[in-house]
Structures are given as C-alpha cells and as structure tokens.
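Engineer: Provided herewith: target35.tsv, TSV, C-alpha atoms.
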chain	number	residue	atom	x	y	z
A	1	MET	CA	-94.39	-33.64	43.57
A	2	SER	CA	-93.37	-35.46	46.74
A	3	ILE	CA	-90.83	-38.18	47.31
A	4	HIS	CA	-92.35	-41.19	49.01
A	5	PRO	CA	-89.91	-42.91	51.38
A	6	THR	CA	-89.74	-46.66	51.63
A	7	PRO	CA	-90.18	-47.94	55.21
A	8	GLN	CA	-88.11	-50.98	56.16
A	9	GLU	CA	-88.40	-53.41	59.02
A	10	HIS	CA	-85.35	-54.31	61.09
A	11	ASP	CA	-85.27	-57.86	59.68
A	12	ASP	CA	-84.66	-56.41	56.23
A	13	TYR	CA	-81.09	-55.55	57.19
A	14	ALA	CA	-80.20	-59.22	57.16
A	15	VAL	CA	-81.11	-59.48	53.47
A	16	GLU	CA	-79.87	-56.13	52.20
A	17	PRO	CA	-78.08	-56.97	48.93
A	18	VAL	CA	-75.86	-53.94	49.47
A	19	PRO	CA	-75.58	-52.26	52.92
A	20	GLY	CA	-77.64	-49.08	52.87
A	21	LEU	CA	-79.46	-49.90	49.62
A	22	PRO	CA	-82.89	-51.52	49.32
A	23	GLN	CA	-81.81	-53.46	46.24
A	24	THR	CA	-78.82	-54.09	44.03
A	25	LEU	CA	-77.85	-51.28	41.70
A	26	PRO	CA	-79.25	-51.51	38.17
A	27	GLU	CA	-76.89	-52.24	35.31
A	28	GLY	CA	-74.97	-49.14	34.32
A	29	GLU	CA	-75.18	-47.53	37.79
A	30	THR	CA	-72.10	-47.56	39.99
A	31	MET	CA	-71.48	-46.66	43.62
A	32	LEU	CA	-69.21	-43.61	43.99
A	33	TRP	CA	-69.16	-43.20	47.78
A	34	GLN	CA	-70.81	-44.55	50.89
A	35	GLY	CA	-70.50	-43.33	54.43
A	36	ALA	CA	-72.22	-42.36	57.66
A	37	PRO	CA	-72.22	-39.43	60.09
A	38	ASP	CA	-69.48	-39.12	62.67
A	39	TRP	CA	-71.41	-39.64	65.89
A	40	GLN	CA	-69.23	-37.40	68.05
A	41	ASN	CA	-69.61	-34.56	65.57
A	42	MET	CA	-73.35	-35.24	65.52
A	43	ALA	CA	-73.42	-35.03	69.31
A	44	TRP	CA	-71.66	-31.66	69.40
A	45	ARG	CA	-73.19	-29.89	66.41
A	46	VAL	CA	-76.55	-31.56	65.77
A	47	PHE	CA	-77.70	-32.49	69.27
A	48	HIS	CA	-75.89	-29.53	70.86
A	49	ILE	CA	-74.33	-31.33	73.80
A	50	ARG	CA	-71.84	-28.47	74.16
A	51	GLU	CA	-74.66	-26.01	74.84
A	52	VAL	CA	-76.33	-28.40	77.29
A	53	VAL	CA	-73.07	-28.85	79.19
A	54	GLY	CA	-72.59	-25.09	79.30
A	55	TYR	CA	-76.16	-24.58	80.57
A	56	PHE	CA	-75.76	-27.05	83.42
A	57	ALA	CA	-72.29	-25.73	84.23
A	58	LEU	CA	-73.79	-22.27	84.62
A	59	LEU	CA	-76.52	-23.65	86.89
A	60	LEU	CA	-73.97	-25.50	89.00
A	61	PHE	CA	-71.83	-22.40	89.37
A	62	TRP	CA	-74.75	-20.14	90.25
A	63	ASN	CA	-76.26	-22.59	92.73
A	64	GLY	CA	-72.93	-23.22	94.41
A	65	PHE	CA	-71.97	-19.55	94.50
A	66	SER	CA	-75.33	-18.41	95.89
A	67	THR	CA	-75.22	-21.11	98.57
A	68	TRP	CA	-71.71	-20.10	99.59
A	69	TRP	CA	-72.68	-16.42	99.58
A	70	GLU	CA	-75.66	-16.97	101.88
A	71	ALA	CA	-74.13	-19.52	104.26
A	72	CYS	CA	-70.46	-18.52	104.00
A	73	LEU	CA	-69.65	-22.21	104.40
A	74	ALA	CA	-67.97	-24.10	101.61
A	75	ILE	CA	-69.11	-27.42	103.06
A	76	LYS	CA	-72.71	-26.59	102.14
A	77	VAL	CA	-71.88	-26.07	98.46
A	78	VAL	CA	-71.59	-29.79	97.67
A	79	PRO	CA	-75.08	-30.76	98.91
A	80	ALA	CA	-76.48	-27.78	96.99
A	81	VAL	CA	-75.03	-28.79	93.61
A	82	LEU	CA	-75.39	-32.58	93.88
A	83	PRO	CA	-79.10	-32.64	92.90
A	84	LEU	CA	-78.21	-30.95	89.58
A	85	LEU	CA	-75.68	-33.62	88.63
A	86	ILE	CA	-78.39	-36.26	88.12
A	87	PRO	CA	-80.43	-34.40	85.47
A	88	MET	CA	-77.18	-33.17	83.92
A	89	GLY	CA	-75.81	-36.67	83.48
A	90	LEU	CA	-79.18	-38.01	82.35
A	91	GLY	CA	-79.65	-35.28	79.74
A	92	ILE	CA	-76.15	-35.56	78.32
A	93	GLY	CA	-76.40	-39.36	78.28
A	94	ILE	CA	-79.67	-39.31	76.34
A	95	LEU	CA	-78.35	-36.86	73.76
A	96	ALA	CA	-75.12	-38.83	73.34
A	97	ALA	CA	-77.10	-42.06	72.88
A	98	LEU	CA	-79.33	-40.41	70.28
A	99	ALA	CA	-76.29	-39.13	68.40
A	100	TYR	CA	-74.64	-42.55	68.47
A	101	LEU	CA	-77.76	-44.41	67.32
A	102	THR	CA	-78.52	-41.84	64.63
A	103	ALA	CA	-75.03	-42.20	63.18
A	104	ARG	CA	-74.98	-45.99	63.52
A	105	MET	CA	-78.35	-46.46	61.81
A	106	SER	CA	-77.66	-44.01	58.96
A	107	VAL	CA	-76.04	-44.87	55.66
A	108	TYR	CA	-75.47	-42.31	52.90
A	109	THR	CA	-74.76	-43.55	49.39
A	110	LEU	CA	-73.77	-41.64	46.26
A	111	THR	CA	-74.12	-43.44	42.95
A	112	SER	CA	-73.61	-42.32	39.39
A	113	LYS	CA	-77.34	-41.51	39.14
A	114	ARG	CA	-78.75	-40.69	42.59
A	115	VAL	CA	-78.30	-40.06	46.30
A	116	VAL	CA	-79.66	-42.69	48.67
A	117	MET	CA	-80.25	-41.96	52.36
A	118	ARG	CA	-81.13	-44.82	54.69
A	119	ILE	CA	-82.03	-43.15	57.97
A	120	GLY	CA	-84.13	-43.73	61.05
A	121	ILE	CA	-83.70	-45.49	64.42
A	122	ALA	CA	-87.07	-47.01	65.31
A	123	LEU	CA	-88.37	-47.18	61.73
A	124	PRO	CA	-85.58	-47.16	59.14
A	125	THR	CA	-86.56	-45.38	55.94
A	126	THR	CA	-84.85	-45.10	52.58
A	127	PHE	CA	-84.95	-41.95	50.46
A	128	ASN	CA	-83.92	-42.13	46.81
A	129	LEU	CA	-83.00	-38.75	45.30
A	130	PRO	CA	-82.38	-39.04	41.55
A	131	PHE	CA	-80.05	-36.43	40.09
A	132	ALA	CA	-82.93	-35.12	37.99
A	133	GLN	CA	-84.58	-33.93	41.24
A	134	ILE	CA	-81.45	-32.15	42.55
A	135	GLU	CA	-81.04	-28.45	41.74
A	136	ALA	CA	-77.92	-27.58	43.75
A	137	VAL	CA	-75.51	-28.88	46.37
A	138	ASP	CA	-74.17	-26.85	49.28
A	139	VAL	CA	-71.35	-27.87	51.63
A	140	LYS	CA	-70.43	-26.47	55.03
A	141	ILE	CA	-67.02	-27.65	56.20
A	142	GLN	CA	-65.87	-27.67	59.82
A	143	PRO	CA	-62.24	-27.15	60.88
A	144	ASP	CA	-61.79	-30.88	61.46
A	145	GLY	CA	-62.83	-31.71	57.89
A	146	THR	CA	-66.27	-33.05	58.73
A	147	GLY	CA	-69.27	-31.16	57.43
A	148	ASP	CA	-72.78	-31.07	56.06
A	149	VAL	CA	-73.61	-31.63	52.40
A	150	SER	CA	-77.04	-30.14	51.75
A	151	ILE	CA	-79.09	-31.01	48.68
A	152	LYS	CA	-81.46	-28.42	47.25
A	153	LEU	CA	-84.31	-30.09	45.39
A	154	VAL	CA	-85.92	-28.73	42.24
A	155	PRO	CA	-89.16	-26.76	42.70
A	156	GLY	CA	-92.12	-29.02	43.15
A	157	VAL	CA	-90.22	-31.80	44.91
A	158	ARG	CA	-90.97	-31.64	48.63
A	159	LEU	CA	-90.00	-33.63	51.69
A	160	ALA	CA	-91.33	-33.30	55.24
A	161	TYR	CA	-88.79	-31.65	57.51
A	162	LEU	CA	-89.78	-33.68	60.58
A	163	VAL	CA	-89.51	-36.95	58.64
A	164	LEU	CA	-85.95	-36.12	57.57
A	165	TRP	CA	-84.69	-34.54	60.81
A	166	PRO	CA	-81.90	-34.54	61.81
A	167	HIS	CA	-80.84	-35.29	58.23
A	168	ALA	CA	-82.10	-31.93	57.00
A	169	ARG	CA	-80.48	-28.51	56.68
A	170	PRO	CA	-81.15	-26.57	59.91
A	171	TRP	CA	-83.91	-23.97	59.66
A	172	ALA	CA	-84.61	-24.66	55.98
A	173	LEU	CA	-88.29	-25.13	56.74
A	174	ARG	CA	-89.84	-23.54	53.67
A	175	GLN	CA	-87.96	-25.79	51.27
A	176	THR	CA	-86.57	-28.82	53.06
A	177	GLN	CA	-83.06	-29.75	52.00
A	178	PRO	CA	-81.94	-33.34	52.65
A	179	THR	CA	-78.48	-33.20	54.20
A	180	LEU	CA	-75.65	-35.63	54.70
A	181	ARG	CA	-74.86	-34.59	58.26
A	182	ALA	CA	-71.43	-34.61	59.90
A	183	VAL	CA	-69.78	-36.70	57.19
A	184	PRO	CA	-65.99	-37.09	57.33
A	185	ASN	CA	-64.05	-35.45	54.49
A	186	ALA	CA	-67.11	-33.44	53.49
A	187	ALA	CA	-65.27	-31.44	50.82
A	188	LYS	CA	-64.39	-34.59	48.91
A	189	VAL	CA	-67.94	-35.95	49.24
A	190	ALA	CA	-69.33	-32.70	47.83
A	191	GLN	CA	-66.79	-32.77	45.02
A	192	THR	CA	-67.74	-36.36	44.13
A	193	LEU	CA	-71.42	-35.46	44.08
A	194	GLY	CA	-70.77	-32.32	42.04
A	195	GLU	CA	-68.77	-34.19	39.43
A	196	ALA	CA	-71.47	-36.87	39.16
A	197	LEU	CA	-74.14	-34.20	38.74
A	198	ALA	CA	-72.08	-32.42	36.10
A	199	ALA	CA	-71.65	-35.66	34.17
A	200	THR	CA	-75.32	-36.64	34.37
A	201	CYS	CA	-77.21	-33.33	34.45
A	202	PRO	CA	-74.84	-30.56	33.27
A	203	ALA	CA	-77.57	-27.93	33.38
A	204	GLN	CA	-78.49	-28.62	37.01
A	205	GLY	CA	-76.87	-27.93	40.33
A	206	MET	CA	-73.93	-26.10	41.75
A	207	VAL	CA	-71.54	-27.10	44.48
A	208	ALA	CA	-71.03	-24.11	46.73
A	209	ALA	CA	-68.38	-24.28	49.45
A	210	GLN	CA	-68.29	-22.24	52.65
A	211	PRO	CA	-71.97	-21.13	52.74
A	212	ALA	CA	-71.30	-18.83	55.70
A	213	SER	CA	-69.61	-16.34	53.38
A	214	PRO	CA	-71.59	-14.07	51.00
A	215	ALA	CA	-73.14	-16.09	48.20
A	216	PRO	CA	-71.19	-15.79	44.93
A	217	ARG	CA	-72.76	-15.10	41.60
A	218	PRO	CA	-74.08	-18.24	39.86
A	219	ARG	CA	-71.43	-20.03	37.85
A	220	SER	CA	-71.23	-23.29	36.03
A	221	ILE	CA	-71.15	-26.45	38.11
A	222	MET	CA	-67.60	-27.28	37.02
A	223	SER	CA	-66.29	-23.98	38.37
A	224	HIS	CA	-67.71	-24.91	41.76
A	225	VAL	CA	-66.20	-28.36	41.49
A	226	HIS	CA	-62.82	-26.74	40.92
A	227	GLN	CA	-63.48	-24.49	43.91
A	228	VAL	CA	-64.01	-27.48	46.19
A	229	ASP	CA	-60.93	-29.13	44.66
A	230	ASN	CA	-58.87	-26.06	45.60
A	231	ILE	CA	-60.13	-26.37	49.19
A	232	LEU	CA	-58.93	-29.97	49.20
A	233	ARG	CA	-55.47	-28.92	48.08
A	234	GLN	CA	-55.27	-26.15	50.64
A	235	GLU	CA	-56.23	-28.50	53.49
A	236	ASP	CA	-53.89	-31.25	52.23
A	237	LEU	CA	-56.74	-33.73	52.14
A	238	THR	CA	-55.82	-36.89	50.29
A	239	VAL	CA	-58.25	-39.44	48.96
A	240	ALA	CA	-57.32	-42.82	47.63
A	241	ARG	CA	-58.30	-43.20	44.04
Would you kindly transcribe this structure into structure tokens?

Structural biologist:
Amino acid sequence: MSIHPTPQEHDDYAVEPVPGLPQTLPEGETMLWQGAPDWQNMAWRVFHIREVVGYFALLLFWNGFSTWWEACLAIKVVPAVLPLLIPMGLGIGILAALAYLTARMSVYTLTSKRVVMRIGIALPTTFNLPFAQIEAVDVKIQPDGTGDVSIKLVPGVRLAYLVLWPHARPWALRQTQPTLRAVPNAAKVAQTLGEALAATCPAQGMVAAQPASPAPRPRSIMSHVHQVDNILRQEDLTVAR
C-alpha cells in the first residue's frame, strides 16, 4: 500500500484553515505540536555546508601552497586562489538558500491521530501519516538539542525516497522513513509522538533514543517514552505545559 501525497498550489496557502494543514481537524482530533526545521542546522547537517567549506578550504590551501612553492613569491598566491573563491561562494550560497527555503516551506504537525508533513519548495505537498501506519519512532539528538525524528512505517506502506528527500532518514532506501529533520527540542517532540502513539495504538511503535548506540532489546512503548523523558531531565530541557 502506498501513501498518495496531496499536491498544493502556492495560492492555497492563503486559504489554509490551519497553517500546515490542508483542512481543519475533524472533531475529536487535537493538535499536539507543530514546528519546522531549523534552517541553520539543515544547512550544516542535511546540505553538508561544513564539508563543502572544508573541501574548498583544502583546494585553496593546496593551490596557494603549490604556487608559492614553485614561484617562491607570496605575491603570486593571491591571483592563484582568487578564481576558486567564486565557485566557493556560489556553491555555499546555493546550499544555504536551499536549506533556508526548505525549512521555511516545511511545516510538521503532530495531532492526536496522525503526523502531517507539508513539504516542498516548488510544488508543496502534504503527507498524512495516520498512527495506524506507523510501526516505530526513532530519534537522533544533536548536542544543541535539535535532531531528527524518523518514522518507521508498517510493512506494505511505502513512500518514494526522492519525493520525500530531504525529509527522509538518510540512506534508508529499502524502506523509506519519513523524518522530521532538524527540529528544535527533538527529544520532547519524540516524547509527544510516543505518548500519542501509546494512547492510540498501544501495540504499535517504539520511541528509541540515541540510535547511534547498539539497539536495545524491544520493550514496550511506554518504557521508551520514559527513556526519552529521562534524557529531557538530564539535559534540563523545559517545555511549557
């Protein structure tokens, strides 16, 4: 089974009943959280500006050093490295603009019954992920508190990786996992989603924190919710209730 996204034209934003949602929430469904990616975090970790800067810095150093080594004149180093500054600035500028637009045009919404992702720059698209189609939730938290909340779908529910990118778990090509990328206070977002899943579909899903460490044995979803809650206490993260 595949999830069919709903394309939206730009003019539709003017009549959105709720920002980020294609229509008002049905009776009995409440909004638990809504947010968007942090664009600077997106630039560094999703569009890899850090690596691009490092690559061009290495080129600048090598070109300048080799010119100085051959000519033994420092004055010739500047003309040798200047041509590299143009593509460097252009490349970094394009990646930064993509990160900014991606974050600005994205809205993530958690309700009491589903996850809604409105994504896309040129052609905004809305993905509705009912809790019944979610098998597990995985969160990767960065030192600054931002992170990725990945959603593992039940077998049989498939999404195209290229359609979701960059809102997909990196390298999860065999089974695409929609991901709330670079969201602030990711631990709390994962906890909110885990608690909503536990209340709606107790038999489905786990919230696993720190995926870089060895995977723990499967436990009940509430134990993972408590695990994320402990992370919140340790990091002194406070959330207004």

Engineer: Here is a test: counting all atoms listed in the file, which residue of A:Ala199, A:Ala172, A:Ala132, A:Ile121 is nearest to A:Ala160?

Structural biologist: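 The answer is A:Ala172, which sits nearest to A:Ala160.
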
Engineer: Write out as a PDB file with C-alpha atoms, in the frame of the given file which residues come within 12 Å of stretch 85-97 of chain A when counting all atoms listed in the file, dropping same-chain ones fewer than 2 positions away.

Structural biologist:
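File produced: around.pdb:
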ATOM      1  CA  TRP A  39     -71.410 -39.640  65.890  1.00  0.00           C
ATOM      2  CA  GLN A  40     -69.230 -37.400  68.050  1.00  0.00           C
ATOM      3  CA  ASN A  41     -69.610 -34.560  65.570  1.00  0.00           C
ATOM      4  CA  MET A  42     -73.350 -35.240  65.520  1.00  0.00           C
ATOM      5  CA  ALA A  43     -73.420 -35.030  69.310  1.00  0.00           C
ATOM      6  CA  TRP A  44     -71.660 -31.660  69.400  1.00  0.00           C
ATOM      7  CA  ARG A  45     -73.190 -29.890  66.410  1.00  0.00           C
ATOM      8  CA  VAL A  46     -76.550 -31.560  65.770  1.00  0.00           C
ATOM      9  CA  PHE A  47     -77.700 -32.490  69.270  1.00  0.00           C
ATOM     10  CA  HIS A  48     -75.890 -29.530  70.860  1.00  0.00           C
ATOM     11  CA  ILE A  49     -74.330 -31.330  73.800  1.00  0.00           C
ATOM     12  CA  ARG A  50     -71.840 -28.470  74.160  1.00  0.00           C
ATOM     13  CA  GLU A  51     -74.660 -26.010  74.840  1.00  0.00           C
ATOM     14  CA  VAL A  52     -76.330 -28.400  77.290  1.00  0.00           C
ATOM     15  CA  VAL A  53     -73.070 -28.850  79.190  1.00  0.00           C
ATOM     16  CA  GLY A  54     -72.590 -25.090  79.300  1.00  0.00           C
ATOM     17  CA  TYR A  55     -76.160 -24.580  80.570  1.00  0.00           C
ATOM     18  CA  PHE A  56     -75.760 -27.050  83.420  1.00  0.00           C
ATOM     19  CA  ALA A  57     -72.290 -25.730  84.230  1.00  0.00           C
ATOM     20  CA  LEU A  58     -73.790 -22.270  84.620  1.00  0.00           C
ATOM     21  CA  LEU A  59     -76.520 -23.650  86.890  1.00  0.00           C
ATOM     22  CA  LEU A  60     -73.970 -25.500  89.000  1.00  0.00           C
ATOM     23  CA  PHE A  61     -71.830 -22.400  89.370  1.00  0.00           C
ATOM     24  CA  ASN A  63     -76.260 -22.590  92.730  1.00  0.00           C
ATOM     25  CA  VAL A  78     -71.590 -29.790  97.670  1.00  0.00           C
ATOM     26  CA  PRO A  79     -75.080 -30.760  98.910  1.00  0.00           C
ATOM     27  CA  ALA A  80     -76.480 -27.780  96.990  1.00  0.00           C
ATOM     28  CA  VAL A  81     -75.030 -28.790  93.610  1.00  0.00           C
ATOM     29  CA  LEU A  82     -75.390 -32.580  93.880  1.00  0.00           C
ATOM     30  CA  PRO A  83     -79.100 -32.640  92.900  1.00  0.00           C
ATOM     31  CA  ALA A  99     -76.290 -39.130  68.400  1.00  0.00           C
ATOM     32  CA  TYR A 100     -74.640 -42.550  68.470  1.00  0.00           C
ATOM     33  CA  LEU A 101     -77.760 -44.410  67.320  1.00  0.00           C
ATOM     34  CA  THR A 102     -78.520 -41.840  64.630  1.00  0.00           C
ATOM     35  CA  ALA A 103     -75.030 -42.200  63.180  1.00  0.00           C
ATOM     36  CA  ARG A 104     -74.980 -45.990  63.520  1.00  0.00           C
ATOM     37  CA  MET A 105     -78.350 -46.460  61.810  1.00  0.00           C
ATOM     38  CA  ILE A 121     -83.700 -45.490  64.420  1.00  0.00           C
TER      39      ILE A 121
END

Engineer: Give me the residues near A:Ser150 as a PyMOL selection string, where near means some atom within 8 Å (using all atoms listed in the file) and where sequence neighbours in that chain fewer than 2 positions away do not count.

Structural biologist: chain A and resi 137-139+148+152+168-169+177-180

Engineer: Between A:Leu173, A:Gln142, A:Ser112, A:Leu162, single out the one closest to A:Leu193, counting all atoms listed in the file.

Structural biologist: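 When distances to A:Leu193 are compared using all atoms listed in the file, the smallest one comes from A:Ser112.
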
Engineer: What is the atom CA of A:Gln133-atom CA of A:Pro19 distance in Å, reported with one decimal?

Structural biologist: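 The value is 23.5 Å.
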
Engineer: One number please: atom CA of A:Val107 to atom CA of A:Thr126, in Å, one decimal.

Structural biologist: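 One can read the atom CA of A:Val107 to atom CA of A:Thr126 distance as 9.3 Å.
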
Engineer: What does the structure give for the distance between atom CA of A:Arg118 and atom CA of A:Val149, in Å to one decimal?

Structural biologist: 15.4 Å

Engineer: So that I can check the surroundings of A:Val116, please list as an mmCIF file with C-alpha atoms, keeping the file's coordinate frame every protein, DNA and RNA residue that reaches within 7 Å of it, counting all atoms listed in the file and ignoring chain neighbours fewer than 2 positions away.

Structural biologist:
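Saved the output as part-v3.cif:
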data_model
loop_
_atom_site.group_PDB
_atom_site.id
_atom_site.type_symbol
_atom_site.label_atom_id
_atom_site.label_comp_id
_atom_site.auth_asym_id
_atom_site.auth_seq_id
_atom_site.Cartn_x
_atom_site.Cartn_y
_atom_site.Cartn_z
ATOM 1 C CA TYR A 108 -75.470 -42.310 52.900
ATOM 2 C CA THR A 109 -74.760 -43.550 49.390
ATOM 3 C CA LEU A 110 -73.770 -41.640 46.260
ATOM 4 C CA ARG A 114 -78.750 -40.690 42.590
ATOM 5 C CA ARG A 118 -81.130 -44.820 54.690
ATOM 6 C CA THR A 126 -84.850 -45.100 52.580
ATOM 7 C CA PHE A 127 -84.950 -41.950 50.460
ATOM 8 C CA ASN A 128 -83.920 -42.130 46.810
ATOM 9 C CA LEU A 129 -83.000 -38.750 45.300
#

Engineer: Using only C-alpha atoms, collect all residues at a distance of at most 10 Å from (-67.5, -34.7, 53.5) as written in the file, then present them as an MDAnalysis selection string.

Structural biologist: chainID A and resid 35:37 139:142 145:149 180:192
